[in-house]
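*Asks:* Structure below; questions to follow.
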Protein chains: 2
Amino acid sequence: MLEIGSTFTKTIVADERTIKKIAEVSGDMNPIHLDKEYAEHSMFGRRIAHGLFCINAISMIIGNHLPGNGTILLSQNFQYIKPVYIDDQIEVTVTIVNCLPGNKYTLRTLCKNQMGDIVLDGESVVRWEDS
Amino acid sequence: MLEIGSTFTKTIVADERTIKKIAEVSGDMNPIHLDKEYAEHSMFGRRIAHGLFCINAISMIIGNHLPGNGTILLSQNFQYIKPVYIDDQIEVTVTIVNCLPGNKYTLRTLCKNQMGDIVLDGESVVRWEDS
């Protein structure tokens, strides 16, 4: 049984290896993520992680832990509030914020960096039945 | 210069290898994607791709093609309308639907399966400057 307020948190690092794997699997070769020199001349001054870095971690928590096995995504939204830089430590938290008819749940998905700044905020609506 | 109506389309296949790579990189081991027997007893009757399958492809188009190099994501939303099954051929289309002040653009992101059914609909807001 899932309850409003149930939460799961995991901290992951946006390390070089992970960023390269995300680029390889998605095919997203945007130089803002991969090219040091290009990124140094950008508004950020250095490379940033793909938005996929946080989305991957959120998917991992939703698919494995909360709600876990058998969860079906219905919708997701993500606001990218601050950049995630290479080697940032990102604390990813998924919290059940609403229970809806038909075994549906609204989850808040929040990512903070090592300074405690919110880098991503969003919500996912999922269907989940206890199996 | 980006214009309203500019569009980019690519068709990709949700093949076994891609689904396994998505599971590996994200860590999302939800058996609805990976476990044939489990999925046969689910409401879908067979395995479905991660939501990440379409999101990865959308990121690839936005990062590489439209708008391309140096695009920064500001927000994204995704409605998962129908499941993507293993080996489905998914046509992913990104279209510029609005130009906003401050070099911001709204992109519609649409994924259709080989039957022409919409499996994902959504919007991304990005910032992009011609470099």
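Quick note on naming: the chains in the structure tokens go A, B, ... in the order shown, residues restart at 1 in each chain, and ligands are numbered from 1 in order of appearance.
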Restrict the distance test to only C-alpha atoms, flag each residue of chain A within 6 Å of chain B, and return the flagged residues as a ChimeraX atom specification.

*Replies:* /A:26-28,30,32,56,59-60,63-64,69-70,74-80

*Asks:* Create the file for the chosen residues now, containing all heavy atoms and written as a short mmCIF file (atom, residue, chain, number, x, y, z; two decimals), in the first residue's frame.

*Replies:*
data_model
loop_
_atom_site.label_atom_id
_atom_site.label_comp_id
_atom_site.auth_asym_id
_atom_site.auth_seq_id
_atom_site.Cartn_x
_atom_site.Cartn_y
_atom_site.Cartn_z
N SER A 26 21.63 7.54 -25.76
CA SER A 26 20.61 8.43 -26.34
C SER A 26 20.99 8.89 -27.73
O SER A 26 20.13 9.19 -28.55
CB SER A 26 20.40 9.66 -25.44
OG SER A 26 21.56 10.48 -25.46
N GLY A 27 22.30 9.00 -27.97
CA GLY A 27 22.77 9.61 -29.22
C GLY A 27 22.84 11.12 -29.14
O GLY A 27 23.16 11.78 -30.12
N ASP A 28 22.54 11.70 -27.98
CA ASP A 28 22.56 13.17 -27.81
C ASP A 28 24.00 13.63 -27.59
O ASP A 28 24.56 13.47 -26.51
CB ASP A 28 21.67 13.57 -26.62
CG ASP A 28 21.65 15.08 -26.39
OD1 ASP A 28 22.48 15.82 -26.98
OD2 ASP A 28 20.80 15.54 -25.60
N ASN A 30 25.18 16.78 -27.99
CA ASN A 30 25.26 18.23 -27.75
C ASN A 30 26.60 18.56 -27.07
O ASN A 30 26.91 18.03 -25.99
CB ASN A 30 24.08 18.61 -26.83
CG ASN A 30 23.89 20.12 -26.68
OD1 ASN A 30 24.85 20.88 -26.78
ND2 ASN A 30 22.67 20.52 -26.42
N ILE A 32 27.64 20.93 -25.37
CA ILE A 32 27.54 21.53 -24.03
C ILE A 32 27.76 20.47 -22.95
O ILE A 32 28.15 20.76 -21.82
CB ILE A 32 26.18 22.26 -23.85
CG1 ILE A 32 26.23 23.26 -22.70
CG2 ILE A 32 25.03 21.29 -23.65
CD1 ILE A 32 26.89 24.54 -23.01
N ASN A 56 16.95 9.82 -15.86
CA ASN A 56 17.35 8.42 -15.67
C ASN A 56 17.24 8.02 -14.20
O ASN A 56 16.72 6.95 -13.87
CB ASN A 56 18.81 8.22 -16.11
CG ASN A 56 18.95 7.92 -17.59
OD1 ASN A 56 18.00 7.55 -18.27
ND2 ASN A 56 20.14 8.11 -18.11
N SER A 59 13.68 7.70 -13.10
CA SER A 59 13.11 6.45 -13.63
C SER A 59 13.56 5.25 -12.82
O SER A 59 12.77 4.33 -12.56
CB SER A 59 13.54 6.25 -15.08
OG SER A 59 13.04 7.28 -15.89
N MET A 60 14.83 5.28 -12.42
CA MET A 60 15.37 4.17 -11.63
C MET A 60 14.61 4.07 -10.30
O MET A 60 14.21 2.97 -9.90
CB MET A 60 16.87 4.40 -11.38
CG MET A 60 17.58 3.32 -10.62
SD MET A 60 17.40 3.48 -8.83
CE MET A 60 18.32 5.00 -8.53
N GLY A 63 10.93 2.96 -11.05
CA GLY A 63 10.85 1.58 -11.56
C GLY A 63 11.28 0.53 -10.55
O GLY A 63 10.74 -0.58 -10.54
N ASN A 64 12.24 0.89 -9.68
CA ASN A 64 12.80 -0.11 -8.76
C ASN A 64 12.28 -0.01 -7.33
O ASN A 64 12.28 -0.99 -6.61
CB ASN A 64 14.33 0.02 -8.68
CG ASN A 64 15.03 -0.27 -9.99
OD1 ASN A 64 14.40 -0.62 -10.97
ND2 ASN A 64 16.35 -0.10 -9.99
N ASN A 69 8.35 -2.31 -8.86
CA ASN A 69 7.94 -3.30 -9.88
C ASN A 69 6.58 -3.06 -10.51
O ASN A 69 5.58 -2.98 -9.80
CB ASN A 69 7.86 -4.70 -9.24
CG ASN A 69 9.21 -5.36 -9.21
OD1 ASN A 69 10.21 -4.72 -9.54
ND2 ASN A 69 9.24 -6.63 -8.81
N GLY A 70 6.58 -2.97 -11.83
CA GLY A 70 5.32 -2.95 -12.56
C GLY A 70 4.69 -1.57 -12.70
O GLY A 70 3.62 -1.44 -13.29
N LEU A 74 2.32 7.42 -16.75
CA LEU A 74 1.23 8.03 -17.52
C LEU A 74 1.62 9.40 -18.04
O LEU A 74 1.30 9.75 -19.18
CB LEU A 74 -0.03 8.12 -16.64
CG LEU A 74 -0.54 6.77 -16.12
CD1 LEU A 74 -1.74 6.96 -15.21
CD2 LEU A 74 -0.92 5.84 -17.27
N SER A 75 2.29 10.18 -17.22
CA SER A 75 2.80 11.48 -17.68
C SER A 75 3.93 11.93 -16.77
O SER A 75 4.04 11.48 -15.62
CB SER A 75 1.69 12.54 -17.72
OG SER A 75 1.24 12.82 -16.41
N GLN A 76 4.77 12.80 -17.31
CA GLN A 76 5.88 13.36 -16.52
C GLN A 76 6.11 14.79 -16.94
O GLN A 76 5.93 15.14 -18.12
CB GLN A 76 7.18 12.58 -16.77
CG GLN A 76 7.14 11.15 -16.27
CD GLN A 76 8.49 10.48 -16.32
OE1 GLN A 76 9.00 10.21 -17.40
NE2 GLN A 76 9.09 10.21 -15.17
N ASN A 77 6.49 15.63 -15.97
CA ASN A 77 7.00 16.95 -16.35
C ASN A 77 8.24 17.26 -15.52
O ASN A 77 8.39 16.77 -14.39
CB ASN A 77 5.93 18.04 -16.23
CG ASN A 77 5.52 18.32 -14.81
OD1 ASN A 77 6.31 18.81 -14.01
ND2 ASN A 77 4.28 18.01 -14.48
N PHE A 78 9.12 18.02 -16.13
CA PHE A 78 10.40 18.36 -15.51
C PHE A 78 10.71 19.83 -15.75
O PHE A 78 10.66 20.28 -16.90
CB PHE A 78 11.53 17.52 -16.13
CG PHE A 78 11.29 16.03 -16.09
CD1 PHE A 78 10.96 15.33 -17.24
CD2 PHE A 78 11.38 15.34 -14.89
CE1 PHE A 78 10.72 13.97 -17.20
CE2 PHE A 78 11.15 13.97 -14.84
CZ PHE A 78 10.82 13.28 -15.99
N GLN A 79 11.02 20.55 -14.67
CA GLN A 79 11.54 21.92 -14.83
C GLN A 79 13.02 21.87 -14.48
O GLN A 79 13.40 21.44 -13.37
CB GLN A 79 10.82 22.90 -13.87
CG GLN A 79 9.40 23.27 -14.30
CD GLN A 79 8.40 22.21 -13.95
OE1 GLN A 79 8.36 21.74 -12.82
NE2 GLN A 79 7.59 21.78 -14.92
N TYR A 80 13.83 22.29 -15.45
CA TYR A 80 15.29 22.31 -15.25
C TYR A 80 15.64 23.68 -14.67
O TYR A 80 15.69 24.67 -15.39
CB TYR A 80 16.01 22.07 -16.58
CG TYR A 80 15.63 20.74 -17.19
CD1 TYR A 80 14.66 20.65 -18.18
CD2 TYR A 80 16.23 19.56 -16.76
CE1 TYR A 80 14.30 19.43 -18.73
CE2 TYR A 80 15.88 18.34 -17.30
CZ TYR A 80 14.92 18.28 -18.28
OH TYR A 80 14.57 17.07 -18.82
#

*Asks:* Could you pull out the strand (DSSP E) residues of chain A, going by DSSP on the backbone, and write them as a VMD selection string?

*Replies:* chain A and resid 7 to 13 72 to 80 89 to 100 104 to 112 118 to 127

*Asks:* What's around A:Thr93 at 6 Å? Count only C-alpha atoms, leave out sequence neighbours fewer than 4 positions away in its own chain, and write the answer as a CSV table (one decimal) with C-alpha atoms, in the first residue's frame.

*Replies:*
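What ended up in selection_14.csv:
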chain,number,residue,atom,x,y,z
A,8,PHE,CA,12.7,7.5,-1.5
A,9,THR,CA,16.0,9.3,-1.9
A,109,THR,CA,10.4,14.4,-8.3
A,110,LEU,CA,13.1,16.7,-6.9

*Asks:* Once chain A is superposed on chain B with a least-squares fit on all C-alpha pairs taken in order, can you show it as a tab-separated table (two decimals) with C-alpha atoms, in the first residue's frame?

*Replies:*
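The resulting file, superposed.tsv, is shown below:
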chain	number	residue	atom	x	y	z
A	1	MET	CA	17.42	31.12	-37.55
A	2	LEU	CA	14.69	28.86	-36.25
A	3	GLU	CA	11.17	29.26	-37.55
A	4	ILE	CA	7.77	28.13	-36.36
A	5	GLY	CA	6.98	24.96	-38.29
A	6	SER	CA	10.58	23.77	-38.63
A	7	THR	CA	10.54	20.03	-38.03
A	8	PHE	CA	12.88	17.04	-37.75
A	9	THR	CA	11.83	13.38	-37.85
A	10	LYS	CA	13.69	10.15	-37.21
A	11	THR	CA	12.44	6.57	-36.90
A	12	ILE	CA	14.05	4.30	-34.33
A	13	VAL	CA	13.40	0.72	-33.25
A	14	ALA	CA	12.79	-0.31	-29.63
A	15	ASP	CA	14.96	-3.37	-30.05
A	16	GLU	CA	16.23	-5.69	-27.34
A	17	ARG	CA	19.72	-4.23	-27.34
A	18	THR	CA	18.47	-0.66	-26.88
A	19	ILE	CA	16.09	-1.61	-24.05
A	20	LYS	CA	18.89	-3.47	-22.25
A	21	LYS	CA	21.23	-0.47	-22.61
A	22	ILE	CA	18.57	1.90	-21.26
A	23	ALA	CA	18.07	-0.41	-18.26
A	24	GLU	CA	21.83	-0.55	-17.67
A	25	VAL	CA	22.49	3.19	-17.93
A	26	SER	CA	19.44	4.31	-15.95
A	27	GLY	CA	19.40	1.41	-13.51
A	28	ASP	CA	15.62	1.08	-14.09
A	29	MET	CA	15.07	-2.68	-13.86
A	30	ASN	CA	11.24	-2.62	-13.80
A	31	PRO	CA	10.32	-6.17	-14.95
A	32	ILE	CA	7.58	-4.79	-17.22
A	33	HIS	CA	10.50	-3.86	-19.52
A	34	LEU	CA	12.86	-6.78	-18.95
A	35	ASP	CA	11.04	-9.90	-17.75
A	36	LYS	CA	9.10	-11.71	-20.50
A	37	GLU	CA	7.12	-13.94	-18.15
A	38	TYR	CA	6.22	-11.10	-15.75
A	39	ALA	CA	5.11	-8.93	-18.68
A	40	GLU	CA	2.95	-11.71	-20.14
A	41	HIS	CA	0.89	-11.62	-16.95
A	42	SER	CA	0.60	-7.81	-16.99
A	43	MET	CA	-2.20	-5.73	-18.53
A	44	PHE	CA	-0.07	-5.32	-21.67
A	45	GLY	CA	0.51	-9.05	-22.25
A	46	ARG	CA	4.11	-8.47	-23.28
A	47	ARG	CA	7.14	-6.33	-22.51
A	48	ILE	CA	7.06	-2.59	-23.12
A	49	ALA	CA	9.90	-0.09	-23.55
A	50	HIS	CA	10.91	2.35	-20.82
A	51	GLY	CA	9.46	5.86	-21.14
A	52	LEU	CA	13.14	6.73	-21.46
A	53	PHE	CA	13.21	5.13	-24.91
A	54	CYS	CA	11.18	7.99	-26.39
A	55	ILE	CA	12.77	10.64	-24.15
A	56	ASN	CA	16.26	9.55	-25.27
A	57	ALA	CA	15.27	9.89	-28.93
A	58	ILE	CA	13.70	13.31	-28.33
A	59	SER	CA	16.90	14.44	-26.55
A	60	MET	CA	18.97	13.20	-29.47
A	61	ILE	CA	16.94	15.26	-31.96
A	62	ILE	CA	16.92	18.38	-29.78
A	63	GLY	CA	20.65	18.11	-28.94
A	64	ASN	CA	21.91	17.19	-32.41
A	65	HIS	CA	19.45	18.51	-34.97
A	66	LEU	CA	16.63	20.85	-33.92
A	67	PRO	CA	17.69	23.27	-32.53
A	68	GLY	CA	21.00	21.32	-32.25
A	69	ASN	CA	24.38	22.32	-30.79
A	70	GLY	CA	24.25	24.20	-27.54
A	71	THR	CA	20.52	23.88	-26.87
A	72	ILE	CA	19.64	24.22	-23.17
A	73	LEU	CA	16.53	22.49	-21.82
A	74	LEU	CA	14.29	24.65	-19.63
A	75	SER	CA	11.31	22.33	-19.17
A	76	GLN	CA	9.76	19.21	-20.66
A	77	ASN	CA	6.49	17.36	-20.38
A	78	PHE	CA	5.54	13.97	-21.73
A	79	GLN	CA	2.17	12.23	-21.94
A	80	TYR	CA	2.55	8.48	-22.38
A	81	ILE	CA	-0.54	7.73	-24.47
A	82	LYS	CA	0.02	4.15	-25.63
A	83	PRO	CA	2.69	1.60	-24.76
A	84	VAL	CA	5.78	1.10	-26.93
A	85	TYR	CA	6.29	-2.67	-27.33
A	86	ILE	CA	9.64	-4.36	-27.93
A	87	ASP	CA	10.59	-4.10	-31.63
A	88	ASP	CA	8.08	-1.33	-32.36
A	89	GLN	CA	9.29	1.21	-34.91
A	90	ILE	CA	8.80	4.64	-33.45
A	91	GLU	CA	8.73	7.79	-35.59
A	92	VAL	CA	9.92	10.68	-33.44
A	93	THR	CA	9.11	14.20	-34.61
A	94	VAL	CA	10.20	17.49	-33.06
A	95	THR	CA	8.53	20.66	-34.36
A	96	ILE	CA	9.04	24.30	-33.39
A	97	VAL	CA	5.62	25.57	-32.36
A	98	ASN	CA	6.45	28.89	-30.72
A	99	CYS	CA	9.26	31.45	-30.50
A	100	LEU	CA	9.46	33.24	-27.14
A	101	PRO	CA	11.45	36.28	-25.96
A	102	GLY	CA	15.04	35.61	-24.85
A	103	ASN	CA	15.92	33.08	-27.53
A	104	LYS	CA	13.45	30.57	-26.12
A	105	TYR	CA	11.44	28.14	-28.19
A	106	THR	CA	8.58	25.75	-27.56
A	107	LEU	CA	8.97	22.41	-29.33
A	108	ARG	CA	6.24	19.83	-29.75
A	109	THR	CA	7.57	16.30	-29.37
A	110	LEU	CA	5.49	13.53	-30.91
A	111	CYS	CA	6.16	9.78	-31.15
A	112	LYS	CA	4.08	7.44	-33.33
A	113	ASN	CA	4.30	3.69	-33.73
A	114	GLN	CA	4.32	1.72	-37.01
A	115	MET	CA	0.50	1.74	-37.04
A	116	GLY	CA	0.49	5.54	-36.95
A	117	ASP	CA	-0.82	5.64	-33.37
A	118	ILE	CA	0.52	8.41	-31.14
A	119	VAL	CA	2.39	6.78	-28.25
A	120	LEU	CA	3.83	9.96	-26.71
A	121	ASP	CA	2.93	13.62	-26.99
A	122	GLY	CA	4.64	16.46	-25.21
A	123	GLU	CA	6.35	19.81	-25.27
A	124	SER	CA	9.84	21.01	-24.46
A	125	VAL	CA	10.86	24.60	-23.82
A	126	VAL	CA	14.50	25.30	-24.70
A	127	ARG	CA	16.91	28.18	-24.98
A	128	TRP	CA	19.07	28.33	-28.08
A	129	GLU	CA	21.37	30.95	-29.57
A	130	ASP	CA	22.85	30.73	-33.02
A	131	SER	CA	26.59	30.28	-32.50
